[in-house]
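The file structure-v8.txt contains compact mmCIF, C-alpha atoms:
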# COMPACT_ATOMS: atom_id res chain seq x y z
CA MET A 3 82.98 75.29 129.54
CA ALA A 4 80.06 75.06 127.06
CA ASN A 5 78.25 77.80 128.95
CA ALA A 6 81.32 80.06 128.71
CA ASP A 7 81.52 79.49 124.97
CA THR A 8 77.80 80.22 124.61
CA ALA A 9 78.10 83.40 126.68
CA SER A 10 81.02 84.63 124.63
CA SER A 11 79.32 84.12 121.26
CA PRO A 12 77.16 87.30 121.45
CA ASP A 13 80.23 89.26 122.57
CA LEU A 14 82.21 87.94 119.62
CA ALA A 15 79.37 88.83 117.23
CA ARG A 16 79.15 92.36 118.68
CA ALA A 17 82.91 92.77 118.41
CA ALA A 18 82.83 91.63 114.78
CA ARG A 19 80.01 94.04 113.96
CA LYS A 20 81.85 96.88 115.70
CA GLU A 21 85.06 96.11 113.82
CA LYS A 22 83.16 96.04 110.51
CA LEU A 23 81.50 99.36 111.36
CA PHE A 24 84.83 101.02 112.18
CA THR A 25 86.31 99.67 108.95
CA SER A 26 83.45 101.32 107.02
CA ILE A 27 83.95 104.61 108.90
CA ASN A 28 87.68 104.58 108.14
CA LYS A 29 86.99 103.96 104.44
CA ALA A 30 84.44 106.79 104.38
CA GLY A 31 86.92 109.01 106.22
CA GLY A 32 89.02 109.53 103.10
CA TRP A 33 86.02 110.74 101.12
CA LEU A 34 84.76 112.92 103.97
CA ASP A 35 88.22 114.48 104.23
CA ALA A 36 88.30 115.13 100.48
CA LEU A 37 84.92 116.86 100.64
CA GLY A 38 85.86 118.95 103.69
CA PHE A 39 83.85 116.95 106.25
CA SER A 40 86.71 115.24 108.10
CA TRP A 41 85.21 116.45 111.41
CA LEU A 42 82.40 113.91 110.96
CA VAL A 43 84.80 110.96 111.36
CA PRO A 44 85.47 111.31 115.13
CA LEU A 45 81.75 112.02 115.71
CA LEU A 46 80.82 108.83 113.83
CA LYS A 47 83.38 106.84 115.81
CA ILE A 48 81.98 108.16 119.09
CA ALA A 49 78.45 107.28 117.94
CA ALA A 50 79.71 103.79 117.00
CA GLY A 51 80.90 103.21 120.55
CA ASP A 52 84.54 104.33 120.51
CA SER A 53 85.97 106.06 123.56
CA PRO A 54 85.03 109.78 123.47
CA LYS A 55 88.28 110.62 125.24
CA GLU A 56 90.33 109.10 122.39
CA GLN A 57 88.39 110.94 119.70
CA MET A 58 88.24 114.36 121.39
CA GLY A 59 91.81 115.15 120.42
CA GLU A 60 91.05 114.56 116.75
CA LEU A 61 87.72 116.39 117.02
CA LYS A 62 89.49 119.35 118.59
CA ARG A 63 92.01 119.46 115.73
CA VAL A 64 89.54 119.20 112.83
CA LEU A 65 86.50 121.03 114.24
CA VAL A 66 86.98 122.96 117.47
CA ILE A 67 90.16 124.85 116.50
CA PRO A 68 88.84 125.87 113.04
CA LEU A 69 85.57 127.03 114.66
CA ILE A 70 87.51 129.10 117.18
CA GLY A 71 89.42 130.71 114.30
CA ILE A 72 86.19 131.52 112.44
CA LEU A 73 84.51 132.91 115.56
CA ALA A 74 87.59 135.03 116.35
CA PHE A 75 87.53 136.42 112.81
CA LEU A 76 83.81 137.24 113.07
CA ALA A 77 84.35 138.94 116.46
CA MET A 78 87.21 141.07 115.12
CA TRP A 79 85.16 141.92 112.02
CA ALA A 80 82.14 142.95 114.11
CA ALA A 81 84.32 145.08 116.41
CA LEU A 82 86.49 146.80 113.81
CA ALA A 83 84.03 147.26 110.91
CA PRO A 84 82.05 150.16 112.46
CA GLN A 85 85.31 152.05 113.03
CA VAL A 86 85.98 152.32 109.27
CA GLN A 87 83.94 154.98 107.49
CA THR A 88 83.65 154.97 103.69
CA SER A 89 81.74 157.06 101.16
CA LEU A 90 78.89 154.55 101.56
CA GLY A 91 78.95 154.69 105.36
CA ALA A 92 80.56 152.39 107.91
CA VAL A 93 81.89 149.03 106.77
CA PRO A 94 79.09 146.50 107.39
CA GLY A 95 79.60 143.85 110.04
CA PRO A 96 78.55 140.19 109.96
CA ALA A 97 74.95 141.00 111.00
CA GLN A 98 74.42 143.44 108.12
CA VAL A 99 76.01 141.05 105.64
CA TRP A 100 73.74 138.24 106.82
CA THR A 101 70.71 140.52 106.44
CA GLN A 102 71.65 141.24 102.83
CA THR A 103 72.22 137.52 102.20
CA VAL A 104 68.64 136.86 103.32
CA ASN A 105 67.38 139.80 101.22
CA LEU A 106 69.12 138.47 98.10
CA TRP A 107 67.58 135.04 98.63
CA GLU A 108 64.13 136.54 99.14
CA ASP A 109 64.57 138.59 95.94
CA HIS A 110 65.37 135.36 94.10
CA VAL A 111 62.28 133.63 95.51
CA ARG A 112 60.04 136.57 94.53
CA GLU A 113 61.47 136.64 91.01
CA ARG A 114 60.91 132.91 90.59
CA GLU A 115 57.31 133.35 91.76
CA LYS A 116 56.84 136.06 89.12
CA ALA A 117 58.29 133.75 86.47
CA ASP A 118 56.01 130.87 87.53
CA ALA A 119 52.97 133.18 87.42
CA PHE A 120 54.00 134.41 83.96
CA TYR A 121 54.22 130.86 82.58
CA GLU A 122 50.93 129.87 84.22
CA ARG A 123 49.15 132.80 82.55
CA GLN A 124 50.81 131.96 79.24
CA ASP A 125 49.79 128.29 79.46
CA ALA A 126 46.21 129.23 80.36
CA ARG A 127 46.02 131.68 77.44
CA ASN A 128 47.46 129.13 74.99
CA ALA A 129 45.05 126.45 76.26
CA LYS A 130 42.14 128.83 75.67
CA PHE A 131 43.31 129.59 72.12
CA ALA A 132 43.74 125.86 71.44
CA ALA A 133 40.22 125.14 72.71
CA GLU A 134 38.83 127.87 70.44
CA GLY A 135 40.76 126.54 67.44
CA LYS A 136 42.92 129.67 67.21
CA THR A 137 46.24 127.80 67.07
CA ASP A 138 47.82 130.61 65.05
CA ARG A 139 47.62 132.84 68.14
CA ILE A 140 49.48 130.39 70.40
CA LYS A 141 52.85 131.81 71.42
CA HIS A 142 55.57 130.65 73.77
CA ARG A 143 57.62 133.46 75.25
CA THR A 144 60.50 133.28 77.70
CA TYR A 145 60.27 135.21 80.94
CA THR A 146 62.62 138.21 80.71
CA GLY A 147 62.80 139.38 84.31
CA LYS A 148 66.02 140.61 85.83
CA PRO A 149 68.60 137.93 86.75
CA THR A 150 68.75 137.33 90.48
CA TYR A 151 71.86 136.82 92.59
CA ILE A 152 71.37 133.04 92.44
CA ASP A 153 71.00 133.25 88.64
CA GLN A 154 74.29 135.13 88.44
CA ILE A 155 76.02 132.47 90.53
CA GLY A 156 74.71 129.86 88.10
CA THR A 157 75.96 131.89 85.12
CA SER A 158 79.44 132.21 86.64
CA LEU A 159 79.59 128.47 87.37
CA LYS A 160 78.51 127.63 83.83
CA THR A 161 81.10 130.03 82.39
CA VAL A 162 84.00 128.76 84.49
CA GLY A 163 82.95 125.17 83.73
CA LEU A 164 83.05 125.81 79.98
CA GLY A 165 86.39 127.64 80.19
CA PHE A 166 87.88 124.90 82.38
CA LEU A 167 86.65 122.19 80.00
CA ILE A 168 88.24 123.91 76.99
CA ALA A 169 91.46 124.44 78.93
CA THR A 170 91.59 120.76 79.91
CA ILE A 171 90.96 119.57 76.34
CA ILE A 172 93.84 121.73 75.11
CA ALA A 173 96.30 121.42 78.00
CA VAL A 174 96.27 117.67 78.70
CA PRO A 175 97.19 116.51 75.14
CA LEU A 176 99.83 119.25 74.87
CA GLY A 177 101.22 118.27 78.27
CA ILE A 178 101.39 114.58 77.30
CA ALA A 179 103.20 115.44 74.05
CA SER A 180 105.56 117.75 75.94
CA GLY A 181 106.34 115.09 78.55
CA LEU A 182 106.97 112.38 75.95
CA SER A 183 109.05 114.44 73.53
CA ARG A 184 111.99 116.62 74.52
CA THR A 185 111.87 118.26 71.11
CA PHE A 186 108.23 119.25 71.48
CA ASN A 187 108.89 120.39 75.05
CA GLY A 188 111.75 122.58 73.87
CA ALA A 189 109.53 124.13 71.21
CA ILE A 190 106.55 124.84 73.47
CA ASN A 191 108.34 125.83 76.68
CA PRO A 192 109.21 129.42 75.59
CA LEU A 193 105.56 130.01 74.64
CA ILE A 194 104.43 128.77 78.04
CA GLN A 195 106.85 131.09 79.84
CA ILE A 196 105.71 134.07 77.73
CA PHE A 197 101.94 133.60 77.95
CA LYS A 198 101.61 132.15 81.47
CA PRO A 199 102.03 135.50 83.30
CA VAL A 200 99.65 137.46 81.04
CA SER A 201 96.77 139.02 82.97
CA PRO A 202 93.14 138.37 82.00
CA LEU A 203 92.75 142.13 81.65
CA ALA A 204 95.22 142.00 78.75
CA TRP A 205 93.59 138.98 77.09
CA LEU A 206 90.03 140.28 77.35
CA PRO A 207 90.11 142.98 74.60
CA ILE A 208 91.78 140.58 72.16
CA VAL A 209 89.34 137.78 72.95
CA THR A 210 86.38 140.15 72.68
CA MET A 211 87.38 141.33 69.20
CA ILE A 212 88.19 137.83 67.89
CA VAL A 213 85.02 136.19 69.27
CA SER A 214 82.88 139.08 68.00
CA ALA A 215 84.35 138.65 64.52
CA ILE A 216 84.19 134.83 64.36
CA TYR A 217 81.08 134.12 66.42
CA ALA A 218 78.78 136.55 64.63
CA ASN A 219 75.62 134.42 64.92
CA PRO A 220 75.55 133.10 68.48
CA TYR A 221 73.43 130.14 69.56
CA ASP A 222 70.68 130.69 72.13
CA TRP A 223 72.38 128.34 74.60
CA LEU A 224 75.81 129.97 74.20
CA SER A 225 75.73 133.75 74.29
CA LYS A 226 78.64 135.79 72.97
CA SER A 227 79.35 137.32 76.39
CA LEU A 228 79.53 133.86 78.02
CA LEU A 229 81.93 132.59 75.34
CA ILE A 230 84.18 135.65 75.72
CA SER A 231 84.47 135.10 79.47
CA ALA A 232 84.99 131.33 79.00
CA VAL A 233 87.79 131.78 76.45
CA THR A 234 89.49 134.32 78.74
CA VAL A 235 89.31 131.76 81.55
CA THR A 236 90.81 129.15 79.21
CA LEU A 237 93.78 131.32 78.21
CA CYS A 238 94.65 132.11 81.82
CA SER A 239 93.94 128.77 83.51
CA MET A 240 95.38 126.17 81.12
CA TRP A 241 99.03 126.59 82.12
CA PRO A 242 99.06 124.76 85.49
CA THR A 243 97.42 121.72 83.88
CA LEU A 244 99.82 121.79 80.92
CA ILE A 245 102.92 122.11 83.12
CA ASN A 246 101.86 119.47 85.67
CA THR A 247 100.79 117.05 82.94
CA ALA A 248 104.17 117.41 81.23
CA LEU A 249 105.96 116.93 84.56
CA GLY A 250 103.83 113.88 85.42
CA VAL A 251 104.43 112.23 82.04
CA ALA A 252 108.16 112.97 82.15
CA SER A 253 108.31 111.42 85.65
CA VAL A 254 106.87 108.05 84.59
CA ASP A 255 109.18 105.20 85.59
CA LYS A 256 111.62 104.54 82.75
CA ASP A 257 111.50 100.80 83.40
CA LEU A 258 107.75 100.92 82.79
CA MET A 259 108.30 102.70 79.48
CA ASN A 260 110.94 100.16 78.52
CA VAL A 261 108.44 97.36 79.15
CA GLY A 262 106.09 99.08 76.73
CA ARG A 263 108.81 99.23 74.10
CA VAL A 264 109.67 95.55 74.60
CA LEU A 265 106.00 94.62 74.17
CA GLN A 266 105.88 96.93 71.12
CA LEU A 267 102.77 98.67 72.36
CA PRO A 268 101.28 101.24 69.97
CA THR A 269 101.64 104.88 70.99
CA TRP A 270 97.96 105.17 71.93
CA LYS A 271 98.10 102.09 74.19
CA THR A 272 101.34 103.30 75.75
CA ILE A 273 99.65 106.57 76.65
CA THR A 274 96.40 105.06 77.94
CA LYS A 275 97.82 101.99 79.70
CA LEU A 276 101.16 103.26 81.03
CA VAL A 277 101.54 107.03 80.86
CA LEU A 278 98.14 108.30 82.02
CA PRO A 279 97.64 105.97 85.05
CA SER A 280 101.11 106.86 86.33
CA SER A 281 100.80 110.62 85.77
CA LEU A 282 97.18 111.11 86.88
CA PRO A 283 98.06 112.36 90.40
CA LEU A 284 100.09 115.26 88.99
CA ILE A 285 97.53 115.88 86.23
CA PHE A 286 94.82 116.28 88.86
CA THR A 287 97.06 118.61 90.85
CA GLY A 288 97.31 120.76 87.73
CA LEU A 289 93.55 120.57 87.20
CA ARG A 290 92.91 121.75 90.76
CA LEU A 291 95.28 124.68 90.29
CA SER A 292 93.74 125.51 86.91
CA LEU A 293 90.21 125.51 88.30
CA GLY A 294 91.25 127.84 91.12
CA VAL A 295 92.97 130.21 88.69
CA GLY A 296 89.99 130.06 86.33
CA TRP A 297 87.55 130.98 89.09
CA MET A 298 89.64 134.02 90.06
CA VAL A 299 90.12 135.08 86.47
CA LEU A 300 86.40 134.78 85.71
CA ILE A 301 85.38 137.37 88.32
CA ALA A 302 87.86 139.91 86.91
CA ALA A 303 86.75 139.19 83.34
CA GLU A 304 83.07 139.61 84.21
CA MET A 305 83.76 142.89 85.98
CA LEU A 306 85.75 144.37 83.11
CA ALA A 307 83.60 143.10 80.25
CA GLN A 308 80.29 143.60 82.08
CA ASN A 309 79.32 140.03 81.26
CA PRO A 310 76.58 138.41 83.38
CA GLY A 311 77.78 136.76 86.57
CA LEU A 312 79.16 137.47 90.02
CA GLY A 313 81.80 139.87 88.69
CA LYS A 314 79.14 142.05 87.06
CA PHE A 315 77.07 141.89 90.26
CA VAL A 316 80.01 143.26 92.27
CA TRP A 317 80.66 146.02 89.74
CA ASP A 318 76.97 146.99 89.52
CA GLU A 319 76.71 147.25 93.30
CA PHE A 320 79.89 149.35 93.41
CA GLN A 321 78.41 151.69 90.81
CA ASN A 322 75.04 151.70 92.53
CA GLY A 323 76.46 153.39 95.61
CA SER A 324 73.49 152.70 97.91
CA SER A 325 73.78 152.18 101.65
CA GLN A 326 73.33 148.41 101.11
CA SER A 327 75.83 148.05 98.28
CA LEU A 328 78.92 147.41 100.41
CA ALA A 329 77.17 144.65 102.37
CA LYS A 330 76.04 143.02 99.11
CA ILE A 331 79.60 143.19 97.76
CA MET A 332 80.79 141.43 100.91
CA VAL A 333 78.13 138.75 100.37
CA ALA A 334 79.56 138.26 96.88
CA VAL A 335 83.14 138.08 98.23
CA LEU A 336 82.17 135.38 100.74
CA THR A 337 80.20 133.53 98.05
CA ILE A 338 83.19 133.58 95.69
CA GLY A 339 85.44 132.21 98.44
CA LEU A 340 83.02 129.45 99.46
CA ILE A 341 82.40 128.35 95.87
CA GLY A 342 86.16 128.33 95.21
CA PHE A 343 86.63 126.11 98.27
CA MET A 344 83.86 123.73 97.16
CA LEU A 345 85.27 123.50 93.62
CA ASP A 346 88.69 122.59 95.02
CA ARG A 347 87.15 119.93 97.29
CA LEU A 348 85.24 118.54 94.31
CA MET A 349 88.43 118.20 92.27
CA PHE A 350 90.20 116.61 95.23
CA ALA A 351 87.37 114.06 95.54
CA LEU A 352 87.67 113.29 91.82
CA GLN A 353 91.42 112.86 92.28
CA ARG A 354 90.81 110.29 95.00
CA ALA A 355 88.31 108.49 92.76
CA PHE A 356 90.48 108.24 89.67
CA THR A 357 94.06 107.96 90.95
CA PHE A 358 95.93 105.35 92.89
CA SER A 359 97.39 107.95 95.21
CA ALA A 360 95.89 111.12 96.66
CA ASN A 361 99.00 112.14 98.52
CA ARG A 362 101.07 113.59 95.70
Transcribe the structure of this file into structure tokens.
Amino acid sequence: MANADTASSPDLARAARKEKLFTSINKAGGWLDALGFSWLVPLLKIAAGDSPKEQMGELKRVLVIPLIGILAFLAMWAALAPQVQTSLGAVPGPAQVWTQTVNLWEDHVREREKADAFYERQDARNAKFAAEGKTDRIKHRTYTGKPTYIDQIGTSLKTVGLGFLIATIIAVPLGIASGLSRTFNGAINPLIQIFKPVSPLAWLPIVTMIVSAIYANPYDWLSKSLLISAVTVTLCSMWPTLINTALGVASVDKDLMNVGRVLQLPTWKTITKLVLPSSLPLIFTGLRLSLGVGWMVLIAAEMLAQNPGLGKFVWDEFQNGSSQSLAKIMVAVLTIGLIGFMLDRLMFALQRAFTFSANR
């Protein structure tokens, strides 16, 4: 009997370790799903010793079927694209688009090498002047080469981030006030219904004139063109956050609000301790919608206003009219879609981190 107990001890320890490992994988599964990597969960479970047969069904659902859909799309694209002739030639297939993706990356690398060489020469020249005591001749200039495709992606992300931040700062307080007060909601609701459908193409001329008049002396870190695009994003993307925040606040359990009144909590504590924790799931839903709208609006605003970014890149390539332009435009379209997907996943991960429920 003692020998049986001794023999079973390693088995029990292994079983405990396996159970702990699977618990960790299940906890990580929520985050992997939020970030778009849910297909890793069945692979991790198989690696941890789970039955491959049990996990293959889940792996098929989250990985194999989506891959089949993507491969089918690529096959149809490759087959049908050469059949469509445009003024710039046949529509490029996946191979040509990939070639231009590599070319754009190589252009970025070459431009960065030029910038590094420029700064090295400048530093060497300034060091020489300093050694000779000619400090008055020391100058620090910024490299002014053309922005690369990667630089334009960075500009677009910075612009949409600024516009989204301004929209959030405006929309969340207004939404809280609208959800708490029927009077305020009645006053602001007609304005929401009027301005929510307005296109960015209509806002852009107004924003351009107002920003140009008010922001006459722009800061180096915030150019006028970036601010124009950001404000346009704000005006078009704030409405989903405002509406969902108001709905979330209005949906807070009345019994919970009554408890706050009984305890005579100040308005600020009522909002921070009762209202916000209960309405955060819907607020984050609004934020996700707003970010998606803002990203779409930004591309149109950059195209129309010729502000730096992906929108301007697309318009410049359309105007360029070279044999490679259409493939580069398709690279930009795929980039816009992938970045939009990643931004949505990021907001969903933040929702999981800061709310008690990710299912609303």
Pairwise distance, CA of Leu265 (chain A) with CA of Ala179 (chain A), equals 21.0 Å
As a check of understanding: the span from CA of Val174 (chain A) to CA of Ala302 (chain A) is 25.2 Å
Requested in this report: Select, from A:Asn219, A:Gln266, A:Thr146, A:Thr103, the residue with the minimum atom-to-atom distance to Ala334 (chain A), counting only C-alpha atoms.
Outcome: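 When distances to Ala334 (chain A) are compared using only C-alpha atoms, the smallest one comes from A:Thr103.
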Notebook entry, point to check: Which distance in Å separates CA of Ile48 (chain A) and CA of Gly31 (chain A), to one decimal?
Noted result: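 Answer for the CA of Ile48 (chain A) to CA of Gly31 (chain A) separation: 13.8 Å.
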Shortest contact to Lys256 (chain A), candidates A:Val295, A:Ala189, A:Leu276, A:Leu282, atoms counted all atoms listed in the file, goes to A:Leu276
Pick out the residues sitting within 10 Å of Asp125 (chain A), and hand them over as number ranges by chain; count only C-alpha atoms, and ignore anything fewer than 5 positions along from it in its own chain.
A: 119-120, 130-131, 140-142
*Please write as a ChimeraX atom specification the list of polymer residues whose atoms come within 10 Å of (87.2, 133.3, 84.2), counting only C-alpha atoms and keeping to the coordinates of the file.*
/A:158-159,161-166,202,228,230-239,293-304,313
Counting all atoms listed in the file, I want the residues whose atoms come within 12 Å of (113.0, 111.5, 76.8) in the file frame, returned as a list of chain:residue names.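 All residues meeting the 12 Å criterion around (113.0, 111.5, 76.8) are A:Ala179, A:Ser180, A:Gly181, A:Leu182, A:Ser183, A:Arg184, A:Thr185, A:Phe186, A:Asn187, A:Gly188, A:Ala248, A:Leu249, A:Val251, A:Ala252, A:Ser253, A:Val254, A:Asp255, A:Lys256, A:Met259, A:Asn260.
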